[in-house]
Every structure is written in C-alpha cells, then in structure tokens.
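Here's the structure, in structure tokens; my notes come after.
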Amino acid sequence: MVALHQRALSSISGPQLAKWGQEVAVLLEQANISSCNTVCTFLENAGQRELLGQYQQTEQELINGVRRMGEEVKRALDQLNMYHALTSLYPAAGRTQHRVNMYSMWGNRLLESFSTDTCDQTATEFASLFSVQPTRVRELRTQHVKNMNMQLEQWNSEIIISMQRLYQRMMAENIMKPGKSGVLEELGKTREMILNQLNHPDSGVRPETLICFFVKSLISLGNKWSELEKNFSEESLSPSSSSSSSMSRLDSLVDQLFLESGTLNTFLNTADMLNLTGKSPHVSALECLSSVLSSLQQLRSSFCTIIMPEGLKNFLHEDTSVLEIGQQVEEIISSGGLALEEVKHEARLHTRCCMLGMESPHLAAVELAGSMRHRYQQLIATAGFAESMSTGQMLLCAANSLFDKVDGDMNMLREKVLSAPTPPECNKFTMVRTAADLSTGAFNTTPGVWESLATTVFISKLELLRDFLSMCRGASLAFKAEKVGVMMPTGDILVRPVKKYVAEYVQLLLLGAGPRHLACALTQFAKDTGELAVNRFFETNQGKEKLELEDLSQALFDDKMSTGALNQARIAKSSVLVKNLSAVVYKWELAQQLDQGVEVMSAAQQVNALQHAGVQWYHEEYLPRDTNTKLAEPVRHNFLSDLRSSGDRLSHIQSDLTSLCLRYSDLKASVDQRLKWAVGANPGLKEVVDQFSCEQQAQLDTVRQLGVLVKSVVGVGQSALQFEALRTSTVEARAGDHQFLGILACCRDSSLALGSPGVGVGISPEETMLLDVNPPLENIDQFWIRQTEELIASRVKSIQDTLAGENKKFSEVQRVIQDIGVGLKDIVTSHHKLMADVALLLRTIQRIENFDFPAISNFLSRYKEYSEQLNTMIKTVLSEDLSSEGGRMVVERLDLVKEETNFVYEELINIAAVARDESLVQEMFKSRRSLREETVPGREQQNVEMDEKNRAKRDKLAAGSRQVMEEKNKFALSVLRRVRVKLEGREPDSLRKASVGEQVDFIIRESMNQENLALMYEGWTAWI
C-alpha cells in the first residue's frame, strides 16, 4: 500500500498528468476517423443498406462514447490537478506521519526489535498521533483554526476591494472598455494624425514650431517629477519610523514615479518618431533612467506574481531544497556576526566619508559585506552550474536574475550620466538646482563612492531575501496550527520586503537624475529650433541667479510669433495636437500600470484561495461546521465525492465501450465476409478491404489505449481518495487504527510469552506449516522470520513464474483455437448461405395441405437445434475470456455437433431422393386424403340427427374444398418437379442434363433479361 500511495502521489505531483492530458487530446483526434465511409458505397451497391445502417450507428455510438470518455478523463485530470495544487500545501509531516507510512514504519521496527518495550513505544507514538486529544487542547486548536480561517477571509475581502478600486480607476479614465490594445491603437492613431499634419503643406504645422509645444508639455512633466522626488526624499525608511504608514506613502510615490517616467519616455519616443528632436546624450540618459525604473517595476511585479507564490507553496510543504537555500542564505547573513541593518548603516556612513574625502572608520563593515557578497556569488554560481537545478536553486536564481537586470541597467545609466555633464547655463534653472540638492552619490566620480553604494545595495538584497524567507517560514509554521496565536502572513506583509527594496533603491541611487537631464534635454531642443532666441534669453538673464524653464519656453514662443512662424490659428491647432497626445500617452502608461496592478492582485487572490482551501482541507476536523464558517472552494467533501463519481462514470463508460467494441467487431466480420466475396469477382476492391481493416483496427486501438489510460487515471484517483480517507479521522481510518492496535496487542502478548520461561504456548496449524517450510535449528528469532519470509517469497515467485509460463501456453492455445473458430465461422456462414434457399423450399413444402412428409418437419426442427448449438459453440470459442468451463462445454458439444452434421447432410440427401420419386409423392397425397376421408364417416355418424338441408350444404362445401385442395396439390407437384429439375441439372432443357458451364450461362442470361428484371421488387435495387 505504501508503494501504491507513493506511485499515485508521484503521478499527481510530477509531469504525468500533463502527459496524460496530451495523450487524451491525441486519442480524441484519432477517434474522429470513420471507417464507414470507406465501405459505404460498396454496401449500398450490394443492397446491404440495413447492414450499412447498423454499422454506421454502432460506429457513431463508439465515437460518441470515446468522446464522452475523453471529456470525462479531462475532467478527472482537472480534478487531480486541483487536488495536487491543494495537497502540495500540506506540510511534510502530513505525508510522513500518514497512517500508511506510520503503520509500515512501526511494522518494520517490530521486525527489527520484537520486544514489549518496542510495542509500548509504538503504542505511545500511536497515541500521540492518532488518539483523541484532550478537550481543552482541542478547543484551543479549533479556535485557532477558526481565527486563521477568518483572517484569510478578511484578506480575500481586502483583495476584492483593491481590485474594485483598480477597475473603478480604469472606468474613470475610460480604459476599461477599450483595454490596453484599444488605448495603444488610439496612441498610434494620434501619432499618425500629427504626422499627417506635419506632412500636409497647407496645415500650418511644422516641426520647428510643434517642438515648442512639446517643450512646454515636457516642462510641466518635469515639474511634477521634481515635486515627486522632493516628497520622496522627505520620507524615511529607518526601522524606527512607522513602517506600515511610511511604506504605504513611499509605495504611492514609487507608483507615481513609475507613471511619470513611462510618460516621459513615451513622449520622447514619439518626438523621435516624428523627427522633432535628435538623440542628445541627455536624452540617452533619460532613456536609461526609464529602463532602470522599468526593471524595478518588473522586479516588484515578478516578485509578487511568481517568486512569492512559489516560495510560499514550497515552504508550506517543506521542500528540502528550498529549506536548504534558506539555511544557506541565513548562514551568509550570520557569517559577519553583525545585523544587516547595522552593516548597511556602516556602509552608508562609509559612503559619506568617501564623498567628503575623509578617512573612513567603517571600512571593516564594508569588507565584511564584501566577504558576504563573495559567498553569495559562490552560491549563485553553484546553482547556475548545476546540471539540474533544484526548486530552491531555481527560486534563488530567478530572484537574482531580476536583481542583475536592475544592476545592469543602473551601470548603463551611470555611464550615460557621466558622459553627459550639465551645461553651465543650465545650472541656473530651478529644476536643475532642486535636482542637485536631491542628487545621490551614484553619479559621483570620487573613488570608493560607487563601490560603497553597490555594497549598500547588496545588503538591501540580502535584507529582501532574509525577510522573504522569514515570512515564508512563518507561513509554514502558521499553516500547521501547532502554536496557538501564530497567524498566516497576509496582505501587504507578503510584498512589503520587495516594496521596501524598490523604495530604497530609488532613494539611494536615482533621485535627481531625471529632472536634471530633462532640463538639459529641453534646453537642447530649444536651441535646435531657435538658437538665436535661446542665446538672447541667456544673455538677457545673465545677471540672475535663478532661471525658469517656463521663461525659456515663452521666449521661444515670442521669437516664433515675431518671425511669423506661429499665429493664433497655428497655435490653436498645435496646442490641440500636443494636448491630445499628452492625454493619450498618460492614458497608455496608466493603462499599463493598472493592468499590472490587476495582475498582482489576481496573483494574490490565487494565493489566498489556495491557502484558504488548503487550511480548510488540512484542518477539516478542527473547523466547525456552522453558518458562520465560510467554506472555500473547492469544498473538501464535495470535491472528493465528485472525484469518486468521476471514477465511477469512467468505469461505466469503459464497460459500455467494451460491449460496443464486441458488437462493432461482429458487424465488421459481416462486412468483411461480403467484401471477400466481392474481391473474388473484382480484385480492385482489395485496397478498399485493406483500408477498411486498418481504419477499423485503428478505432479499436484508440479505444484500447484510452481504456488503459482510464485505468491509470481511475487508479490514481482511488489512491488519492484512500490517502485522504486515512489522513483524517474517518470510518476507514478508525477501522485501520483498530486493526493495528489489535495486531500490536497480539505482538505484545507474544513478546511476553516469549520472555516467560516454562510457559507452554500452543502452536496453530499455520505456525506448524511455517515450521515445516523452514525447520529452525535453534530459537525462533527475527533472522528465522526473515529467512522464512524469503523462502516463502522465493516459492511464491517460482509458482508465479510457472503460472506465467502456463498462462503463456494457454494464450497461444487460445489464439490457435480462436483462429480455428474464425475459419469455422466462415465455413458456417457459407453453409447458412447455401441452406437459406433449401430451408425456404422445405418450409414451403411443409405448408402444403394434404401432403404428409413427416421427415421434413423432423429435419427442420433438428436443423434448428443444430444451428443454435453450432453458433453457441463458435461464440464461446471466439470469446476473449474463454474459461475452462467454456472449453469443457465446447468439447462436450463437439461430438454431438459432428453426429448432427452427418444427420443434416444424410437426411437432406434422403429427402431429395424421396422427392425425385413421383410414386412416393402421390402415395403421400393419397395417404393424407384417405386419412381425411376416414374421418368423414365418423363425423356423419355423430351428426345423424342433422336435417337434410344442412347435410346438402356441407356436402357442397366439402366438394369445393376438395377441388381447391386438388389444385394446390397440382401446384406442389409442379414445384417439386422444378426443384428436381434444378437439382439434376436439367436446365434449360429438361430432356437432357446440362453441363455446369451451360447452367451458369443460362443463369446469367436469365438474370440479365429485362423482362425478368421488370418483375423484381423495386426495393431490392438490383440495377445498382
């Protein structure tokens, strides 16, 4: 049973279910091939429409049955997939401490050490695992499970509210109806409209004037970005701050920053597509900055939708590889002897000392972080070079790949920023001055600064991994419900580590870069379209300490107005175009962000649903069944009932298909017989016969393969049901416990008896037989038991091998018998074809009045019994499950059938001989007439008292009856004469006996005679 459960669980948890699903799809595709179309035309031309209809109906029923079975198998596979998803959350103890495993372990322990101490230890362990808990303990655990269930329900409600808010925002921004694709299409149309206006000679829209409106719109975007960064810098991520409220505000600021960055990048791409701007170093820096923010956004999203759910699931069922990776990460963190927060604080202080050019007293902490980084890189390298990654290694490498993507984009941004210095004239802009105040040391060229910042970022990565692994470990501990009060981590607690990392990354490395390079890029755009106006602006405001980009934009507008490049109409048109573009770009970026938010919430909802159902399944016996307890789908008892019903339906459908296959094969044999007759006259039909046989065999093979698959699926389902039944306190589990305790009590009594000297112990007949099998040389101990077990196993194996050989011989003999049966069936079919006309003729003669031929009645009755016995014997021989009783019955009937076969042909020859003798035939008529006349005087004597009138009437009727009877007798004689002529071969000339060739030619001429064809029944369609 243990091995059966292990195979079933491995089939559910491995790729076997997906493989079965693919096999079902292939088999259902093969089942659509119909063999009926191949022989349809032939059977219709042969006048076998009834046979064709039966074959079509049976084949269609078979195809429909295969489809129903395939759909039911798919449904069962979906149920098993759901079962795997839920039971994969079970802790390892739920599997290792299962009754089946514990029974096996305790049994092996008793075999190794058969003593009362072992029995007592086993009984103690049994009581701790499966005995009824004390009332108080059970009440506390029940309340804890109920609280945990309510917590998961509350989390689900929060998720629904969050998703409603996202959808409401989509509806408010008119994103819900068109969707992302619709908004993207709208963006493309807006770009195309602007491009058409630029290319139209009479539109008044030119690149040198349209860029002024782009600059104005980008200045507004830059001001928003600058304000966001200012608010961002005012927030604190120190542990002493309110983590929940601070993280909520920072997360909101990060979302807005992602939105503004995406809007800016799309705006710049649009300007480049329209050939309004060139690729300056500052634009390249902005594009790299957008890539970094996009990678951070992808890191957060992937962590919430992939890494977090997988980590939780693997920690819940205590995957050894995941636990090992978690332990290795903890060892790396604890190797320095300092808390990560302290190491990170020291690294920040070291960065500040490097920026100030001071000697740092914090170098030891940085070196310690470098050592930790080296060990971490070794761990990643080991996982990367592994031939087959474990689940824990894949989880770690997935997270590290996201980190590496962000780091790679950050290195590229740093190169671009360092290669694009701020022009001196731009340093006076308020946006640039504000950015300089907020700027981090990421773009500082002082030696040691960047390396120190990279060390701080690495410590933040370790913090993220530590918090994530700790959270997963806490979820695993809470799922077991062993410690009252330990609740499942839900809601923002699950994603807080990655949100904290993203916020720290932005605050540590990215602040100030966006507004500064945007101001420089806008200045370059202005110079490209109106260099004189820009130079004049800077010369005019040379004495001022602060400048505003809005003033530069206005100076550019004034210059275009003075030169006549812009007028009121062109300003209105260009303003509308840029305003529409700004709205659509913002809408597109918002649509992407909201869609990503819905994806994150959907992943959280799936995790919640899985955990909610998993808790209810695993702790079902502690969950109160009342109206206040909301059961999560799928409900365990309903699901298991459906799984059991699905297995029953599959077994029933398979039984019906087996019957259909037998009927299908019988009809195919009938069609084959007619095809064989036709092939003799038309060899061209050989291809039709072969194709028909291949298609029919393919259909049966499909049913057979599907049946094998169904047996596997039903077996796995039954094992899953048994596993669940024995896991909790069910009737089956209690019965198993009772039987085990009974065995354990017997073992203890035996151990006591074995240890008590001088106490006589009776030996049962079974034990005597065991002693005869392996007589012990000394005392009976565990070694003798194992030796006896091996002897019995070897003998059983020998018997099984012998039985397998005999079964093989039996199968060969059965195949030979079936081949003979097929040949006999063909012979009997030909015999019935020949006897059909003869039997009809004999029945016609039998119905002739005043003709006494008792041999015909006797022959027909015995021939009927003979046919029934012969058909029963053939059906028994051709049966796939031919038993020994069936074989004996066939042997007993065989001699009787042989005798009856001799009688059938000899009696038929005797009847033909009598029919050829006209004198004997006339005597039969006379004997029947005399018998009738002998009975008439008796009737007259009985009716003496009848009046004369009635007697005359009866005589008149009798005379008429005799006349009619004589006419029928003449017709019967003519029929007998014609039959005798046919049997003697005297056709077409009755005066001489014709040869076989002459008779065949005569029959062919008669069958082609149009006068004869005109007399045939129309329904026979003999002209086809």
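If you're wondering about the labels, chains in the structure tokens are A, B, ... by order shown, residues count from 1 in each chain, ligands from 1 in order shown.
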
Could you list, as a short mmCIF file (atom, residue, chain, number, x, y, z; two decimals) with N, CA and C atoms, in the first residue's frame, every residue within 9 Å of region 842-845 of chain A, counting only C-alpha atoms and ignoring same-chain residues fewer than 2 positions away?
data_model
loop_
_atom_site.label_atom_id
_atom_site.label_comp_id
_atom_site.auth_asym_id
_atom_site.auth_seq_id
_atom_site.Cartn_x
_atom_site.Cartn_y
_atom_site.Cartn_z
N ASP A 837 -31.89 -21.05 -49.15
CA ASP A 837 -32.91 -21.38 -50.16
C ASP A 837 -33.53 -22.74 -49.90
N VAL A 838 -32.68 -23.70 -49.49
CA VAL A 838 -33.19 -25.05 -49.24
C VAL A 838 -34.18 -25.05 -48.07
N ALA A 839 -33.83 -24.34 -47.02
CA ALA A 839 -34.73 -24.28 -45.87
C ALA A 839 -36.04 -23.61 -46.24
N LEU A 840 -35.98 -22.56 -47.07
CA LEU A 840 -37.21 -21.89 -47.50
C LEU A 840 -38.08 -22.84 -48.31
N ARG A 847 -45.81 -26.59 -45.70
CA ARG A 847 -47.11 -25.91 -45.54
C ARG A 847 -48.15 -26.36 -46.57
N ILE A 848 -47.78 -27.28 -47.50
CA ILE A 848 -48.75 -27.77 -48.50
C ILE A 848 -49.78 -28.65 -47.80
N GLU A 849 -51.06 -28.41 -48.07
CA GLU A 849 -52.14 -29.20 -47.45
C GLU A 849 -52.29 -30.54 -48.16
N PHE A 851 -50.58 -33.07 -47.83
CA PHE A 851 -49.29 -33.65 -48.23
C PHE A 851 -48.54 -34.03 -46.95
N PHE A 853 -45.41 -35.35 -45.23
CA PHE A 853 -43.97 -35.62 -45.39
C PHE A 853 -43.31 -35.37 -44.03
N ILE A 856 -39.62 -33.98 -43.30
CA ILE A 856 -39.24 -32.57 -43.42
C ILE A 856 -39.38 -31.86 -42.08
N SER A 857 -40.48 -32.08 -41.38
CA SER A 857 -40.68 -31.44 -40.06
C SER A 857 -39.59 -31.85 -39.08
N LEU A 860 -36.28 -30.08 -40.11
CA LEU A 860 -36.23 -28.66 -39.79
C LEU A 860 -36.04 -28.41 -38.30
N ALA A 972 -48.11 -27.97 -55.96
CA ALA A 972 -47.00 -28.51 -55.19
C ALA A 972 -46.19 -29.49 -56.02
N VAL A 975 -43.98 -27.59 -58.30
CA VAL A 975 -42.83 -27.04 -57.56
C VAL A 975 -41.79 -28.13 -57.34
N LEU A 976 -42.24 -29.31 -56.93
CA LEU A 976 -41.30 -30.41 -56.71
C LEU A 976 -40.59 -30.81 -57.99
#

I'd like the neighbourhood of region 732-749 of chain A as an NGL selection string, where a residue qualifies if any of its atoms comes within 12 Å (using only C-alpha atoms), though same-chain residues fewer than 4 positions away should be ignored. :A and (98-100 or 102-104 or 106-107 or 109-111 or 113-127 or 129-132 or 721-728 or 753-756 or 761)

Output for the residues just chosen: C-alpha atoms as a compact mmCIF listing (two decimals), in the first residue's frame:
# COMPACT_ATOMS: atom_id res chain seq x y z
CA HIS A 98 0.30 9.49 7.39
CA ARG A 99 -1.26 6.32 8.75
CA VAL A 100 0.03 4.15 5.91
CA MET A 102 3.45 5.04 10.16
CA TYR A 103 1.95 1.53 10.03
CA SER A 104 4.81 0.48 7.75
CA TRP A 106 6.12 0.60 13.12
CA GLY A 107 5.86 -2.83 11.49
CA ARG A 109 10.53 -1.60 13.85
CA LEU A 110 8.76 -4.61 15.38
CA LEU A 111 10.51 -6.91 12.93
CA SER A 113 13.28 -5.45 17.65
CA PHE A 114 10.45 -7.71 18.78
CA SER A 115 10.01 -6.83 22.45
CA THR A 116 7.49 -5.41 24.89
CA ASP A 117 9.45 -2.15 25.04
CA THR A 118 9.11 -1.73 21.29
CA CYS A 119 5.38 -2.44 21.50
CA ASP A 120 4.96 0.06 24.33
CA GLN A 121 6.96 2.71 22.45
CA THR A 122 4.85 2.14 19.34
CA ALA A 123 1.65 2.41 21.37
CA THR A 124 2.86 5.69 22.89
CA GLU A 125 3.68 7.15 19.48
CA PHE A 126 0.34 5.97 18.13
CA ALA A 127 -1.49 7.68 20.99
CA LEU A 129 -0.51 10.96 16.71
CA PHE A 130 -3.92 9.39 16.28
CA SER A 131 -5.63 9.26 19.68
CA VAL A 132 -8.36 11.72 20.62
CA LEU A 721 -9.30 9.13 -2.12
CA GLN A 722 -7.82 6.43 0.09
CA PHE A 723 -4.97 8.73 1.10
CA GLU A 724 -7.44 11.42 2.19
CA ALA A 725 -9.68 8.90 3.92
CA LEU A 726 -6.81 7.57 6.04
CA ARG A 727 -5.34 11.02 6.75
CA THR A 728 -8.22 12.26 8.87
CA ALA A 753 5.00 -15.27 26.26
CA LEU A 754 8.40 -15.49 24.63
CA GLY A 755 10.07 -13.91 27.64
CA SER A 756 8.29 -16.10 30.23
CA VAL A 761 2.30 -21.93 24.30

What's the 8 Å shell around Gly614 (chain A), counting only C-alpha atoms, without same-chain residues fewer than 4 positions away, as a PyMOL selection string? chain A and resi 86-87+89-90+610+618

Region 767-770 of chain A: which residues within 12 Å, counting only C-alpha atoms, same-chain residues fewer than 5 positions away excluded, as a PyMOL selection string? chain A and resi 761-762+775-776+780+784-785+787-789+791-792

Keeping only all heavy atoms, write the selected residues to a file as a tab-separated table (two decimals), in the first residue's frame.
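Written output follows (again36.tsv):
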chain	number	residue	atom	x	y	z
A	761	VAL	N	3.03	-22.73	25.27
A	761	VAL	CA	2.30	-21.93	24.30
A	761	VAL	C	1.86	-22.83	23.16
A	761	VAL	O	2.69	-23.55	22.58
A	761	VAL	CB	3.18	-20.77	23.74
A	761	VAL	CG1	2.37	-19.96	22.76
A	761	VAL	CG2	3.67	-19.90	24.88
A	762	GLY	N	0.59	-22.84	22.86
A	762	GLY	CA	0.08	-23.66	21.78
A	762	GLY	C	0.49	-23.14	20.41
A	762	GLY	O	0.71	-21.95	20.22
A	775	PRO	N	12.39	-25.65	9.06
A	775	PRO	CA	12.62	-26.14	10.44
A	775	PRO	C	13.75	-25.36	11.10
A	775	PRO	O	14.85	-25.26	10.56
A	775	PRO	CB	13.01	-27.61	10.23
A	775	PRO	CG	12.47	-27.96	8.88
A	775	PRO	CD	12.56	-26.71	8.07
A	776	PRO	N	13.49	-24.76	12.26
A	776	PRO	CA	14.53	-23.96	12.92
A	776	PRO	C	15.59	-24.85	13.58
A	776	PRO	O	15.28	-25.89	14.15
A	776	PRO	CB	13.75	-23.16	13.96
A	776	PRO	CG	12.56	-24.01	14.27
A	776	PRO	CD	12.21	-24.73	13.00
A	780	ILE	N	13.56	-19.43	17.57
A	780	ILE	CA	12.93	-18.63	16.52
A	780	ILE	C	13.14	-17.16	16.83
A	780	ILE	O	12.73	-16.67	17.89
A	780	ILE	CB	11.42	-18.95	16.42
A	780	ILE	CG1	11.22	-20.41	15.98
A	780	ILE	CG2	10.73	-18.00	15.46
A	780	ILE	CD1	9.78	-20.83	15.94
A	784	TRP	N	15.24	-15.86	11.72
A	784	TRP	CA	14.47	-17.01	11.19
A	784	TRP	C	13.23	-16.51	10.46
A	784	TRP	O	12.85	-17.06	9.41
A	784	TRP	CB	14.09	-17.93	12.34
A	784	TRP	CG	13.30	-19.13	11.88
A	784	TRP	CD1	13.77	-20.32	11.43
A	784	TRP	CD2	11.87	-19.21	11.82
A	784	TRP	NE1	12.75	-21.15	11.08
A	784	TRP	CE2	11.55	-20.49	11.30
A	784	TRP	CE3	10.83	-18.34	12.13
A	784	TRP	CZ2	10.25	-20.91	11.12
A	784	TRP	CZ3	9.53	-18.76	11.94
A	784	TRP	CH2	9.24	-20.04	11.45
A	785	ILE	N	12.58	-15.47	11.01
A	785	ILE	CA	11.38	-14.93	10.37
A	785	ILE	C	11.72	-14.38	8.98
A	785	ILE	O	11.01	-14.62	8.00
A	785	ILE	CB	10.75	-13.84	11.26
A	785	ILE	CG1	10.22	-14.46	12.56
A	785	ILE	CG2	9.63	-13.11	10.52
A	785	ILE	CD1	9.70	-13.44	13.56
A	787	GLN	N	14.30	-15.22	7.13
A	787	GLN	CA	14.69	-16.32	6.27
A	787	GLN	C	13.46	-17.05	5.75
A	787	GLN	O	13.37	-17.40	4.57
A	787	GLN	CB	15.60	-17.28	7.05
A	787	GLN	CG	16.19	-18.40	6.20
A	787	GLN	CD	17.05	-19.33	7.03
A	787	GLN	OE1	16.95	-19.35	8.25
A	787	GLN	NE2	17.91	-20.10	6.37
A	788	THR	N	12.50	-17.29	6.66
A	788	THR	CA	11.25	-17.96	6.24
A	788	THR	C	10.49	-17.09	5.24
A	788	THR	O	9.92	-17.59	4.25
A	788	THR	CB	10.38	-18.23	7.48
A	788	THR	OG1	11.13	-18.97	8.44
A	788	THR	CG2	9.14	-19.02	7.08
A	789	GLU	N	10.48	-15.81	5.50
A	789	GLU	CA	9.81	-14.89	4.57
A	789	GLU	C	10.45	-14.95	3.19
A	789	GLU	O	9.76	-14.96	2.16
A	789	GLU	CB	9.88	-13.47	5.12
A	789	GLU	CG	9.16	-12.44	4.26
A	789	GLU	CD	9.27	-11.05	4.84
A	789	GLU	OE1	9.93	-10.89	5.89
A	789	GLU	OE2	8.71	-10.11	4.24
A	791	LEU	N	12.13	-17.55	1.96
A	791	LEU	CA	11.79	-18.84	1.36
A	791	LEU	C	10.39	-18.82	0.76
A	791	LEU	O	10.17	-19.29	-0.36
A	791	LEU	CB	11.89	-19.94	2.43
A	791	LEU	CG	13.30	-20.41	2.81
A	791	LEU	CD1	13.23	-21.38	3.98
A	791	LEU	CD2	13.97	-21.07	1.61
A	792	ILE	N	9.45	-18.29	1.52
A	792	ILE	CA	8.06	-18.23	1.03
A	792	ILE	C	7.99	-17.35	-0.21
A	792	ILE	O	7.32	-17.68	-1.20
A	792	ILE	CB	7.13	-17.72	2.14
A	792	ILE	CG1	7.07	-18.71	3.30
A	792	ILE	CG2	5.73	-17.45	1.59
A	792	ILE	CD1	6.29	-18.22	4.50

Residue contacts of Gly997 (chain A) (12 Å, only C-alpha atoms) excluding same-chain residues fewer than 6 positions away, as an MDAnalysis selection string: chainID A and resid 985 987:988 1003:1004
